[in-house]
file protein05.txt (compact mmCIF, C-alpha atoms)
# COMPACT_ATOMS: atom_id res chain seq x y z
CA MET A 741 -30.89 61.59 83.86
CA LYS A 742 -30.68 57.83 84.32
CA ILE A 743 -26.98 57.04 84.68
CA ILE A 744 -25.26 53.67 85.15
CA ILE A 745 -21.77 53.58 86.66
CA ALA A 746 -19.83 50.35 86.19
CA GLY A 747 -17.14 50.11 88.86
CA ALA A 748 -17.44 51.11 92.54
CA GLY A 749 -13.77 51.99 92.97
CA GLU A 750 -12.40 55.45 93.78
CA VAL A 751 -13.48 57.13 90.54
CA GLY A 752 -16.82 55.32 90.36
CA PHE A 753 -17.78 56.08 93.95
CA HIS A 754 -16.73 59.72 93.61
CA LEU A 755 -18.84 60.12 90.47
CA ALA A 756 -21.81 58.39 92.10
CA LYS A 757 -21.46 60.72 95.08
CA LEU A 758 -21.38 63.90 92.98
CA LEU A 759 -24.21 62.82 90.69
CA SER A 760 -26.47 61.56 93.48
CA PHE A 761 -26.15 64.94 95.20
CA GLU A 762 -27.74 66.40 92.05
CA SER A 763 -30.67 63.97 92.35
CA GLN A 764 -29.64 62.04 89.24
CA ASP A 765 -30.99 58.47 88.93
CA ILE A 766 -27.82 56.44 89.59
CA THR A 767 -27.25 52.69 89.30
CA LEU A 768 -23.87 51.37 90.46
CA ILE A 769 -22.60 47.97 89.25
CA ASP A 770 -19.73 46.06 90.86
CA LEU A 771 -18.70 42.55 91.97
CA ASP A 772 -17.52 43.81 95.37
CA LYS A 773 -20.41 43.34 97.79
CA ASP A 774 -18.76 45.47 100.50
CA ALA A 775 -18.09 48.39 98.15
CA LEU A 776 -21.72 48.32 96.97
CA ALA A 777 -23.02 48.10 100.55
CA TYR A 778 -20.94 51.13 101.55
CA ALA A 779 -22.18 53.10 98.54
CA GLU A 780 -25.82 52.17 99.22
CA ASN A 781 -25.52 53.18 102.88
CA HIS A 782 -23.98 56.57 102.09
CA LEU A 783 -25.59 57.56 98.78
CA ASP A 784 -29.05 57.69 97.25
CA ILE A 785 -28.34 55.10 94.54
CA ARG A 786 -29.39 51.67 93.32
CA ALA A 787 -26.75 48.92 93.51
CA VAL A 788 -26.48 45.89 91.23
CA LYS A 789 -23.99 43.13 92.15
CA GLY A 790 -22.35 41.46 89.18
CA ASN A 791 -19.86 41.69 86.36
CA ALA A 792 -20.74 44.69 84.16
CA THR A 793 -19.39 42.86 81.10
CA SER A 794 -22.27 40.41 81.51
CA ILE A 795 -25.24 41.09 79.23
CA SER A 796 -27.66 39.76 81.86
CA VAL A 797 -26.23 42.12 84.50
CA LEU A 798 -26.50 45.12 82.13
CA LYS A 799 -30.10 44.16 81.39
CA LYS A 800 -30.79 43.86 85.12
CA ALA A 801 -29.51 47.45 85.45
CA ASN A 802 -31.98 48.50 82.68
CA VAL A 803 -29.16 49.70 80.44
CA GLY A 804 -31.55 50.02 77.48
CA LYS A 805 -33.41 52.80 79.30
CA ALA A 806 -30.28 54.61 80.56
CA ASP A 807 -29.15 57.97 79.17
CA LEU A 808 -25.49 57.36 79.98
CA ILE A 809 -23.19 54.54 81.10
CA ILE A 810 -19.79 55.33 82.62
CA ALA A 811 -17.40 52.36 82.70
CA VAL A 812 -14.71 53.00 85.33
CA THR A 813 -13.69 49.52 86.47
CA GLY A 814 -10.00 48.85 87.09
CA VAL A 815 -9.66 46.93 83.79
CA GLU A 816 -9.61 49.06 80.64
CA THR A 817 -10.51 46.20 78.28
CA ALA A 818 -13.57 45.54 80.45
CA ASN A 819 -14.51 49.23 80.24
CA ILE A 820 -14.34 49.18 76.44
CA THR A 821 -16.37 45.95 76.34
CA ILE A 822 -19.01 47.46 78.64
CA GLY A 823 -19.32 50.51 76.38
CA VAL A 824 -19.75 48.38 73.26
CA LEU A 825 -22.31 46.05 74.87
CA ALA A 826 -24.27 48.92 76.40
CA ASN A 827 -24.48 50.63 73.03
CA GLU A 828 -25.86 47.48 71.41
CA LEU A 829 -28.42 47.21 74.24
CA GLY A 830 -29.69 50.74 73.62
CA VAL A 831 -27.92 53.08 76.06
CA GLY A 832 -27.95 56.78 75.10
CA GLN A 833 -24.19 57.48 75.46
CA SER A 834 -21.19 55.63 76.84
CA ILE A 835 -17.88 56.67 78.41
CA ALA A 836 -14.97 54.30 79.05
CA ASN A 837 -12.08 54.89 81.44
CA ILE A 838 -8.71 53.72 80.06
CA SER A 839 -5.07 53.92 81.11
CA ASN A 840 -3.41 53.05 77.79
CA THR A 841 -2.95 56.42 76.12
CA GLU A 842 -2.49 54.71 72.74
CA PHE A 843 -6.26 54.35 72.56
CA ILE A 844 -6.74 58.12 72.90
CA ASN A 845 -3.80 59.03 70.65
CA ASN A 846 -5.09 56.78 67.86
CA ASP A 847 -8.81 57.41 68.28
CA GLU A 848 -9.04 59.03 64.82
CA ASP A 849 -7.54 55.92 63.20
CA ILE A 850 -9.60 53.40 65.17
CA GLY A 851 -12.83 55.37 65.52
CA PHE A 852 -14.20 54.15 68.86
CA LYS A 853 -17.49 55.97 68.24
CA LYS A 854 -18.40 53.45 65.54
CA PHE A 855 -18.16 50.79 68.26
CA GLY A 856 -20.55 52.80 70.41
CA ILE A 857 -18.08 54.49 72.78
CA ASP A 858 -18.67 58.25 72.78
CA GLU A 859 -15.72 59.22 74.97
CA LEU A 860 -12.47 57.69 76.22
CA ILE A 861 -11.04 59.26 79.35
CA SER A 862 -7.70 58.67 81.02
CA PRO A 863 -7.30 60.19 84.51
CA GLU A 864 -3.53 59.74 84.20
CA THR A 865 -3.46 61.68 80.93
CA LEU A 866 -5.69 64.39 82.37
CA ALA A 867 -3.38 64.73 85.39
CA ALA A 868 -0.26 64.91 83.19
CA ASN A 869 -1.90 67.56 81.00
CA GLU A 870 -2.84 69.53 84.11
CA ILE A 871 0.78 69.45 85.29
CA SER A 872 2.02 70.74 81.91
CA LEU A 873 -0.49 73.60 81.97
CA LEU A 874 0.45 74.56 85.52
CA LEU A 875 4.16 74.66 84.71
CA ASN A 876 3.51 76.85 81.66
CA GLN A 877 1.51 79.31 83.81
CA SER A 878 4.01 79.26 86.64
CA ALA A 879 2.57 81.87 89.04
CA PHE A 880 -0.96 80.46 89.08
CA ASP A 881 -2.17 77.55 91.23
CA ASP A 882 -4.95 76.35 88.93
CA THR A 883 -5.51 76.64 85.20
CA TYR A 884 -7.77 75.38 82.40
CA GLN A 885 -7.86 76.11 78.67
CA PHE A 886 -10.88 76.45 76.40
CA ASP A 887 -10.50 75.93 72.64
CA ASN A 888 -6.73 75.45 72.60
CA GLY A 889 -6.09 78.53 74.72
CA ALA A 890 -8.49 81.01 73.09
CA LEU A 891 -9.76 81.51 76.65
CA ILE A 892 -7.76 80.58 79.74
CA MET A 893 -8.95 80.17 83.31
CA VAL A 894 -6.38 80.85 86.05
CA GLY A 895 -6.63 80.87 89.81
CA THR A 896 -4.44 82.79 92.24
CA THR A 897 -4.33 84.23 95.74
CA LEU A 898 -4.12 88.03 95.82
CA SER A 899 -1.17 89.56 97.61
CA GLY A 900 -1.21 93.01 99.19
CA GLU A 901 0.80 94.29 96.21
CA ALA A 902 -2.00 93.68 93.71
CA PRO A 903 -3.08 97.21 92.59
CA PHE A 904 -6.81 96.47 92.66
CA VAL A 905 -6.88 95.14 96.26
CA GLY A 906 -9.27 97.34 98.23
CA LYS A 907 -11.15 98.36 95.09
CA THR A 908 -14.47 97.09 93.76
CA VAL A 909 -14.70 95.26 90.44
CA GLN A 910 -16.43 98.29 88.92
CA VAL A 911 -13.75 100.75 90.10
CA ALA A 912 -10.94 98.43 88.99
CA ALA A 913 -12.54 98.16 85.53
CA LYS A 914 -12.52 101.97 85.19
CA ILE A 915 -8.90 102.28 86.33
CA PHE A 916 -7.74 99.50 83.99
CA PRO A 917 -10.16 99.79 81.03
CA GLU A 918 -7.99 98.00 78.47
CA LEU A 919 -7.67 94.73 80.34
CA HIS A 920 -8.49 91.44 78.66
CA PHE A 921 -9.73 89.44 81.65
CA ILE A 922 -12.65 89.18 84.06
CA PRO A 923 -12.94 87.83 87.65
CA ILE A 924 -15.40 84.94 87.77
CA ALA A 925 -15.23 83.53 91.31
CA ILE A 926 -13.81 84.61 94.68
CA GLN A 927 -13.24 82.79 97.94
CA ARG A 928 -12.46 84.95 100.96
CA MET A 929 -9.49 83.90 103.07
CA GLY A 930 -10.61 81.66 105.92
CA THR A 931 -14.06 80.92 104.48
CA GLN A 932 -15.60 78.19 102.34
CA PHE A 933 -18.07 80.45 100.54
CA THR A 934 -17.84 81.03 96.80
CA ILE A 935 -18.72 84.51 95.56
CA ILE A 936 -19.70 85.21 91.95
CA PRO A 937 -18.36 88.78 91.69
CA ARG A 938 -20.51 91.74 90.70
CA GLY A 939 -19.56 95.37 90.14
CA SER A 940 -19.83 96.15 93.86
CA THR A 941 -17.68 93.18 94.97
CA GLU A 942 -14.44 94.33 96.60
CA PHE A 943 -11.10 92.60 96.07
CA ARG A 944 -9.32 91.89 99.37
CA LYS A 945 -5.85 90.74 100.32
CA GLY A 946 -5.79 86.95 100.63
CA ASP A 947 -8.75 86.43 98.30
CA HIS A 948 -8.45 83.34 96.13
CA VAL A 949 -9.68 84.60 92.77
CA TYR A 950 -10.36 82.84 89.50
CA PHE A 951 -10.09 84.85 86.28
CA ILE A 952 -10.97 84.16 82.66
CA THR A 953 -8.62 85.79 80.21
CA ALA A 954 -7.95 85.91 76.50
CA ARG A 955 -4.43 84.97 75.36
CA GLU A 956 -3.21 88.58 75.51
CA GLY A 957 -4.50 89.00 79.05
CA VAL A 958 -2.19 86.48 80.72
CA ASP A 959 0.78 88.86 80.94
CA GLU A 960 -1.54 91.60 82.26
CA LEU A 961 -2.71 89.28 85.02
CA TYR A 962 0.87 88.62 86.10
CA LYS A 963 1.41 92.36 86.57
CA LEU A 964 -1.88 93.15 88.26
CA THR A 965 -1.98 90.22 90.68
CA GLY A 966 1.47 91.02 91.99
CA LYS A 967 2.83 87.71 90.70
CA GLU A 968 6.20 87.28 89.09
CA LYS A 969 6.35 85.39 85.82
CA THR A 970 9.24 82.99 86.20
CA LYS A 971 10.59 80.82 83.44
CA ILE A 972 10.40 77.20 84.51
CA LYS A 973 13.05 75.06 82.89
CA ASP A 974 14.43 72.60 85.46
CA VAL A 975 11.84 70.23 86.92
CA MET A 976 12.19 67.34 89.37
CA ILE A 977 9.46 64.69 89.31
CA LEU A 978 9.05 62.32 92.24
CA GLY A 979 7.43 59.03 91.24
CA GLY A 980 7.65 57.00 88.04
CA SER A 981 3.94 56.21 87.91
CA LYS A 982 1.98 56.52 84.67
CA ILE A 983 1.41 60.17 85.53
CA GLY A 984 5.08 60.75 86.29
CA ALA A 985 6.22 58.99 83.11
CA LYS A 986 3.75 60.84 80.85
CA SER A 987 4.52 64.18 82.49
CA ALA A 988 8.25 63.61 81.99
CA LYS A 989 7.73 62.61 78.34
CA ASP A 990 5.52 65.62 77.58
CA LEU A 991 7.79 68.08 79.39
CA CYS A 992 10.91 66.73 77.68
CA ALA A 993 9.17 67.24 74.34
CA ASN A 994 8.62 70.88 75.35
CA LYS A 995 12.33 71.38 76.11
CA PHE A 996 12.13 71.15 79.92
CA ASN A 997 15.12 69.66 81.76
CA ILE A 998 13.69 66.71 83.71
CA LYS A 999 15.00 64.71 86.64
CA LEU A 1000 12.73 61.80 87.59
CA VAL A 1001 13.21 59.98 90.91
CA GLU A 1002 11.83 56.41 91.13
CA LYS A 1003 12.26 54.07 94.09
CA ILE A 1004 11.74 50.66 92.38
CA PRO A 1005 14.91 49.64 90.43
CA GLU A 1006 13.15 47.72 87.64
CA ARG A 1007 10.77 50.57 86.93
CA ALA A 1008 13.61 53.10 87.05
CA PHE A 1009 15.56 51.14 84.39
CA ASP A 1010 12.46 50.88 82.19
CA LEU A 1011 11.85 54.62 82.52
CA ALA A 1012 15.46 55.36 81.64
CA ASP A 1013 15.06 53.32 78.44
CA ASN A 1014 11.76 54.99 77.52
CA LEU A 1015 12.78 58.54 78.47
CA PRO A 1016 16.20 59.12 76.87
CA LYS A 1017 15.94 62.91 77.29
CA ALA A 1018 15.26 62.72 81.03
CA LEU A 1019 17.68 61.92 83.86
CA VAL A 1020 16.16 59.01 85.77
CA ILE A 1021 17.41 58.48 89.34
CA ASN A 1022 16.82 55.23 91.23
CA GLY A 1023 16.29 56.24 94.86
CA ASP A 1024 13.85 57.02 97.63
CA GLY A 1025 12.48 60.51 97.14
CA ARG A 1026 11.70 60.74 100.85
CA ASN A 1027 15.45 60.83 101.48
CA VAL A 1028 16.28 64.52 101.88
CA GLU A 1029 20.01 63.88 101.39
CA LEU A 1030 19.32 62.26 98.02
CA LEU A 1031 17.23 65.23 96.90
CA GLU A 1032 19.94 67.64 98.02
CA GLU A 1033 22.60 65.61 96.17
CA GLU A 1034 20.48 65.94 93.03
CA ASN A 1035 20.45 69.73 93.47
CA LEU A 1036 16.84 70.12 94.56
CA HIS A 1037 17.57 73.74 95.49
CA ASP A 1038 18.36 74.54 91.84
CA MET A 1039 15.00 73.28 90.54
CA ASP A 1040 12.37 75.67 89.19
CA ALA A 1041 9.57 73.23 90.02
CA PHE A 1042 9.00 70.04 91.99
CA VAL A 1043 6.19 67.61 91.08
CA ALA A 1044 5.31 64.74 93.43
CA VAL A 1045 3.14 62.00 91.88
CA THR A 1046 3.86 58.86 93.91
CA GLY A 1047 0.96 56.64 94.98
CA ASN A 1048 1.03 58.10 98.51
CA SER A 1049 -0.64 61.48 99.09
CA GLU A 1050 1.21 62.18 102.35
CA THR A 1051 4.58 61.44 100.74
CA ASN A 1052 3.72 63.83 97.90
CA ILE A 1053 2.70 66.63 100.26
CA MET A 1054 5.67 66.23 102.61
CA SER A 1055 8.20 66.07 99.77
CA CYS A 1056 6.69 69.24 98.27
CA LEU A 1057 7.03 70.97 101.64
CA ILE A 1058 10.69 69.90 101.74
CA ALA A 1059 11.15 71.32 98.22
CA LYS A 1060 9.53 74.59 99.35
CA SER A 1061 11.90 74.77 102.32
CA LYS A 1062 14.82 74.47 99.88
CA GLY A 1063 13.57 77.45 97.86
CA VAL A 1064 11.85 75.68 94.95
CA PRO A 1065 9.39 78.28 93.52
CA LYS A 1066 6.67 75.91 92.22
CA THR A 1067 5.38 72.72 93.83
CA ILE A 1068 2.62 70.35 92.67
CA ALA A 1069 1.35 67.34 94.63
CA LEU A 1070 -0.94 64.53 93.52
CA VAL A 1071 -3.43 63.67 96.28
CA GLU A 1072 -6.18 61.04 96.54
CA ASN A 1073 -7.98 62.46 99.57
CA MET A 1074 -10.45 65.14 98.47
CA ASP A 1075 -10.46 66.60 102.01
CA TYR A 1076 -6.94 67.90 101.46
CA PHE A 1077 -8.36 70.42 99.00
CA GLN A 1078 -9.99 72.22 101.92
CA LEU A 1079 -6.47 72.90 103.22
CA SER A 1080 -4.84 73.62 99.87
CA HIS A 1081 -4.31 77.35 100.49
CA SER A 1082 -2.77 76.92 103.93
CA ILE A 1083 -0.94 73.61 103.59
CA GLY A 1084 2.09 75.20 101.89
CA VAL A 1085 1.95 73.38 98.53
CA ASP A 1086 1.23 75.58 95.49
CA THR A 1087 -1.17 73.18 93.76
CA LEU A 1088 -2.91 69.93 94.61
CA ILE A 1089 -4.27 67.77 91.78
CA ASN A 1090 -6.63 64.83 92.04
CA LYS A 1091 -7.34 62.20 89.36
CA LYS A 1092 -10.92 61.61 90.50
CA LEU A 1093 -11.77 65.29 90.28
CA LEU A 1094 -10.19 65.62 86.82
CA ALA A 1095 -12.06 62.54 85.57
CA ALA A 1096 -15.33 63.83 87.01
CA ASN A 1097 -14.81 67.19 85.29
CA SER A 1098 -14.33 65.45 81.96
CA ILE A 1099 -17.44 63.31 82.43
CA PHE A 1100 -19.81 65.93 83.86
CA ARG A 1101 -20.33 67.74 80.58
CA TYR A 1102 -22.31 64.72 79.39
CA VAL A 1103 -24.70 65.19 82.29
CA ARG A 1104 -25.42 68.86 81.65
CA ARG A 1105 -28.23 69.94 79.34
CA GLY A 1106 -27.47 71.99 76.24
CA GLU A 1107 -24.50 71.59 73.91
CA VAL A 1108 -21.74 71.47 76.56
CA LEU A 1109 -18.30 71.41 74.92
CA ALA A 1110 -16.15 71.55 78.05
CA MET A 1111 -16.61 71.64 81.79
CA THR A 1112 -14.47 71.97 84.89
CA LYS A 1113 -15.06 72.44 88.59
CA LEU A 1114 -13.04 75.09 90.41
CA ASN A 1115 -10.68 73.57 92.96
CA ASN A 1116 -11.90 74.03 96.53
CA MET A 1117 -14.86 76.12 95.31
CA ASN A 1118 -18.52 75.28 94.93
CA ALA A 1119 -18.69 76.45 91.31
CA GLU A 1120 -18.51 75.08 87.77
CA LEU A 1121 -17.21 76.44 84.49
CA LEU A 1122 -19.25 75.30 81.49
CA GLU A 1123 -18.66 75.99 77.80
CA PHE A 1124 -21.90 75.96 75.79
CA GLU A 1125 -22.27 76.11 72.03
CA VAL A 1126 -25.07 78.53 71.13
CA LYS A 1127 -27.73 77.06 68.85
CA TYR A 1128 -30.11 79.06 66.67
CA THR A 1129 -32.88 77.92 69.02
CA SER A 1130 -31.05 78.96 72.22
CA LYS A 1131 -32.69 81.74 74.22
CA VAL A 1132 -29.40 83.66 74.31
CA ALA A 1133 -28.94 83.61 70.52
CA ASN A 1134 -28.91 87.09 68.92
CA THR A 1135 -29.37 88.67 72.34
CA ILE A 1136 -27.40 91.41 74.12
CA ILE A 1137 -25.96 90.14 77.39
CA LYS A 1138 -27.55 92.79 79.63
CA GLU A 1139 -30.98 91.83 78.24
CA ILE A 1140 -30.60 88.14 79.16
CA ASP A 1141 -32.46 86.99 82.28
CA PHE A 1142 -29.26 85.60 83.78
CA PRO A 1143 -29.19 84.34 87.40
CA ARG A 1144 -27.14 86.43 89.83
CA SER A 1145 -25.26 83.35 90.99
CA ALA A 1146 -23.78 82.89 87.51
CA ILE A 1147 -21.70 85.00 85.14
CA ILE A 1148 -20.83 84.93 81.44
CA ALA A 1149 -17.06 84.67 81.64
CA GLY A 1150 -16.04 84.69 77.98
CA VAL A 1151 -17.00 83.97 74.39
CA VAL A 1152 -15.07 82.13 71.68
CA ARG A 1153 -16.10 83.36 68.22
CA GLY A 1154 -14.31 81.52 65.45
CA GLU A 1155 -10.84 81.07 66.94
CA GLU A 1156 -10.82 84.35 68.90
CA GLY A 1157 -11.38 84.52 72.65
CA LEU A 1158 -13.40 87.56 73.75
CA ILE A 1159 -14.17 89.03 77.18
CA PRO A 1160 -17.74 90.34 76.71
CA LEU A 1161 -19.37 93.29 78.47
CA GLY A 1162 -23.06 94.07 78.88
CA ASP A 1163 -23.51 95.43 75.34
CA PHE A 1164 -22.02 92.33 73.70
CA LYS A 1165 -24.41 90.46 71.40
CA ILE A 1166 -24.26 86.66 71.50
CA LYS A 1167 -24.66 84.95 68.12
CA PRO A 1168 -25.43 81.39 67.01
CA ALA A 1169 -22.29 79.17 66.85
CA ASP A 1170 -20.62 81.25 69.57
CA LYS A 1171 -19.05 79.22 72.37
CA VAL A 1172 -20.00 80.81 75.68
CA VAL A 1173 -18.14 80.08 78.92
CA VAL A 1174 -20.30 80.42 82.05
CA CYS A 1175 -19.25 80.24 85.71
CA CYS A 1176 -22.10 79.32 88.04
CA LEU A 1177 -22.96 78.03 91.48
CA PRO A 1178 -24.87 74.72 91.69
CA LYS A 1179 -28.21 76.42 92.41
CA ALA A 1180 -28.02 78.28 89.08
CA ILE A 1181 -27.07 75.36 86.82
CA VAL A 1182 -30.60 74.34 85.80
CA GLN A 1183 -31.56 77.94 84.98
CA VAL A 1184 -28.37 78.44 82.96
CA GLU A 1185 -28.82 75.20 81.04
CA LYS A 1186 -32.29 76.30 79.90
CA LEU A 1187 -30.80 79.38 78.24
CA PHE A 1188 -28.65 77.27 75.92
CA VAL A 1189 -31.00 74.39 75.02

call {"tool": "encode", "arguments": {"input": "protein05.txt", "output": "structure tokens"}}
result
Amino acid sequence: MKIIIAGAGEVGFHLAKLLSFESQDITLIDLDKDALAYAENHLDIRAVKGNATSISVLKKANVGKADLIIAVTGVETANITIGVLANELGVGQSIANISNTEFINNDEDIGFKKFGIDELISPETLAANEISLLLNQSAFDDTYQFDNGALIMVGTTLSGEAPFVGKTVQVAAKIFPELHFIPIAIQRMGTQFTIIPRGSTEFRKGDHVYFITAREGVDELYKLTGKEKTKIKDVMILGGSKIGAKSAKDLCANKFNIKLVEKIPERAFDLADNLPKALVINGDGRNVELLEEENLHDMDAFVAVTGNSETNIMSCLIAKSKGVPKTIALVENMDYFQLSHSIGVDTLINKKLLAANSIFRYVRRGEVLAMTKLNNMNAELLEFEVKYTSKVANTIIKEIDFPRSAIIAGVVRGEEGLIPLGDFKIKPADKVVVCCLPKAIVQVEKLFV
């Protein structure tokens, strides 16, 4: 695909990096000469210096021949303008990055598609939604929902108490035949290799395993992974950023008891006015005495979303030392994900990764409805809609020439989430969730075109 990225900031550079690794034809536009020079020296891309809201600059980038433009500058009005102009100049699809959630909440009333913008994404909203999901699935360190929860992806590290540790997938399936979930990816403790499990794959203590489950399988997973389902009610949020404010608002609406700690007095007063159901505390969250005075030890969860990754990690470690069961830290450095299972924080979240996940489905071939990358694993989860012309349509799973480095994880038929076995027949209009390694993506895409 020919893809134009407007904005060489954190999100733009990260997207350019991921897409260039896949040998996509990438053009990066920005006014910052140094940022473009760095990108050109480290990535296989074309750089265009200029303001992406300029028609002449867009023409110089050959926007009329591009399949997709992704506007991720630091100014949301500029991103919307870029999407509109690119559409008029003949781009295939356009995505605009915004921070004002009103645009997303009122998209049905405004109808941005009629202006030529196919998708609005908000990394802050994506991060806040991720936090809400994680707190609702308290024992798991990663989660993602397909079709409003018809299928749910969860990630967890297996303890020695999990009853299927030491058993193969095939043996475990025979012992627990009525289960409504399937393992889709495994990372062995101390390694960086991602395994797509087969019947002969053995579960081991310390494995980080991702499962796909139907709604009724979540409680089963709690029992069989040796995790305890704890009710999270009292949550402390460190940082009154857009993510912190939206998380507090959403959690208050879901009857959580929220304490929000914000260092800057003016922002703390504004948050107190806008969040009447939350207790807003003006103070430095790095002050352990302050956290203890606010009964940190009584919290069910601690969420750190300041603008400093190290502050977020250290404050979560302090919360862990005080007995807080669930900790979540916002980090900007992707390298921290390599340490996520040993660093002591339950879950790390990253805005760039969440934004990339939301955008990547536009790059994949076939009717991709949703897509996410597994944290710290070299694998993707893709949800395809089966067309009448798709090779998998009206075909039994075991008869599909499916690559060994991919697995059909689940099927949504109507509103029901199903965990399919080999004799399951895929039908047109089914939504099929596939987990695959990068080397299998092209082969998988061809099955759903």

call {"tool": "closest_residue", "arguments": {"input": "protein05.txt", "among": "A:Asn876, A:Asn1116, A:Thr821, A:Asn994", "to": "A:Ala1041", "atoms": "only C-alpha atoms"}}
result
A:Asn876

call {"tool": "closest_residue", "arguments": {"input": "protein05.txt", "among": "A:Val975, A:Lys805, A:Leu860, A:Gln833", "to": "A:Glu848", "atoms": "only C-alpha atoms"}}
result
A:Leu860

call {"tool": "residues_near_point", "arguments": {"input": "protein05.txt", "point": "(13.7, 60.0, 87.3)", "cutoff": "12 Å", "atoms": "only C-alpha atoms", "output": "ChimeraX atom specification"}}
result
/A:975-981,984-989,997-1005,1007-1025,1031,1034,1043-1046

call {"tool": "write_last_selection", "arguments": {"input": "protein05.txt", "atoms": "C-alpha atoms", "output": "short mmCIF file (atom, residue, chain, number, x, y, z; two decimals), in the coordinates of the input"}}
result
data_model
loop_
_atom_site.label_atom_id
_atom_site.label_comp_id
_atom_site.auth_asym_id
_atom_site.auth_seq_id
_atom_site.Cartn_x
_atom_site.Cartn_y
_atom_site.Cartn_z
CA VAL A 975 11.84 70.23 86.92
CA MET A 976 12.19 67.34 89.37
CA ILE A 977 9.46 64.69 89.31
CA LEU A 978 9.05 62.32 92.24
CA GLY A 979 7.43 59.03 91.24
CA GLY A 980 7.65 57.00 88.04
CA SER A 981 3.94 56.21 87.91
CA GLY A 984 5.08 60.75 86.29
CA ALA A 985 6.22 58.99 83.11
CA LYS A 986 3.75 60.84 80.85
CA SER A 987 4.52 64.18 82.49
CA ALA A 988 8.25 63.61 81.99
CA LYS A 989 7.73 62.61 78.34
CA ASN A 997 15.12 69.66 81.76
CA ILE A 998 13.69 66.71 83.71
CA LYS A 999 15.00 64.71 86.64
CA LEU A 1000 12.73 61.80 87.59
CA VAL A 1001 13.21 59.98 90.91
CA GLU A 1002 11.83 56.41 91.13
CA LYS A 1003 12.26 54.07 94.09
CA ILE A 1004 11.74 50.66 92.38
CA PRO A 1005 14.91 49.64 90.43
CA ARG A 1007 10.77 50.57 86.93
CA ALA A 1008 13.61 53.10 87.05
CA PHE A 1009 15.56 51.14 84.39
CA ASP A 1010 12.46 50.88 82.19
CA LEU A 1011 11.85 54.62 82.52
CA ALA A 1012 15.46 55.36 81.64
CA ASP A 1013 15.06 53.32 78.44
CA ASN A 1014 11.76 54.99 77.52
CA LEU A 1015 12.78 58.54 78.47
CA PRO A 1016 16.20 59.12 76.87
CA LYS A 1017 15.94 62.91 77.29
CA ALA A 1018 15.26 62.72 81.03
CA LEU A 1019 17.68 61.92 83.86
CA VAL A 1020 16.16 59.01 85.77
CA ILE A 1021 17.41 58.48 89.34
CA ASN A 1022 16.82 55.23 91.23
CA GLY A 1023 16.29 56.24 94.86
CA ASP A 1024 13.85 57.02 97.63
CA GLY A 1025 12.48 60.51 97.14
CA LEU A 1031 17.23 65.23 96.90
CA GLU A 1034 20.48 65.94 93.03
CA VAL A 1043 6.19 67.61 91.08
CA ALA A 1044 5.31 64.74 93.43
CA VAL A 1045 3.14 62.00 91.88
CA THR A 1046 3.86 58.86 93.91
#

call {"tool": "residues_around", "arguments": {"input": "protein05.txt", "residues": "A:Val1108", "least_positions_apart": "4", "cutoff": "8 Å", "atoms": "only C-alpha atoms", "output": "list in words"}}
result
Arg1101, Tyr1102, Arg1104, Leu1122, Glu1123, Phe1124 and Glu1125 of chain A

call {"tool": "residues_around", "arguments": {"input": "protein05.txt", "residues": "A:Val1126", "least_positions_apart": "4", "cutoff": "12 Å", "atoms": "only C-alpha atoms", "output": "list in words"}}
result
Gly1106, Glu1107, Val1108, Leu1109, Ser1130, Lys1131, Val1132, Ala1133, Asn1134, Thr1135, Val1151, Val1152, Arg1153, Lys1165, Ile1166, Lys1167, Pro1168, Ala1169, Asp1170, Lys1171, Val1172, Val1173, Glu1185, Lys1186, Leu1187, Phe1188 and Val1189 of chain A

call {"tool": "write_last_selection", "arguments": {"input": "protein05.txt", "atoms": "C-alpha atoms", "output": "mmCIF file, keeping the file's coordinate frame"}}
result
data_model
loop_
_atom_site.group_PDB
_atom_site.id
_atom_site.type_symbol
_atom_site.label_atom_id
_atom_site.label_comp_id
_atom_site.auth_asym_id
_atom_site.auth_seq_id
_atom_site.Cartn_x
_atom_site.Cartn_y
_atom_site.Cartn_z
ATOM 1 C CA GLY A 1106 -27.470 71.990 76.240
ATOM 2 C CA GLU A 1107 -24.500 71.590 73.910
ATOM 3 C CA VAL A 1108 -21.740 71.470 76.560
ATOM 4 C CA LEU A 1109 -18.300 71.410 74.920
ATOM 5 C CA SER A 1130 -31.050 78.960 72.220
ATOM 6 C CA LYS A 1131 -32.690 81.740 74.220
ATOM 7 C CA VAL A 1132 -29.400 83.660 74.310
ATOM 8 C CA ALA A 1133 -28.940 83.610 70.520
ATOM 9 C CA ASN A 1134 -28.910 87.090 68.920
ATOM 10 C CA THR A 1135 -29.370 88.670 72.340
ATOM 11 C CA VAL A 1151 -17.000 83.970 74.390
ATOM 12 C CA VAL A 1152 -15.070 82.130 71.680
ATOM 13 C CA ARG A 1153 -16.100 83.360 68.220
ATOM 14 C CA LYS A 1165 -24.410 90.460 71.400
ATOM 15 C CA ILE A 1166 -24.260 86.660 71.500
ATOM 16 C CA LYS A 1167 -24.660 84.950 68.120
ATOM 17 C CA PRO A 1168 -25.430 81.390 67.010
ATOM 18 C CA ALA A 1169 -22.290 79.170 66.850
ATOM 19 C CA ASP A 1170 -20.620 81.250 69.570
ATOM 20 C CA LYS A 1171 -19.050 79.220 72.370
ATOM 21 C CA VAL A 1172 -20.000 80.810 75.680
ATOM 22 C CA VAL A 1173 -18.140 80.080 78.920
ATOM 23 C CA GLU A 1185 -28.820 75.200 81.040
ATOM 24 C CA LYS A 1186 -32.290 76.300 79.900
ATOM 25 C CA LEU A 1187 -30.800 79.380 78.240
ATOM 26 C CA PHE A 1188 -28.650 77.270 75.920
ATOM 27 C CA VAL A 1189 -31.000 74.390 75.020
#
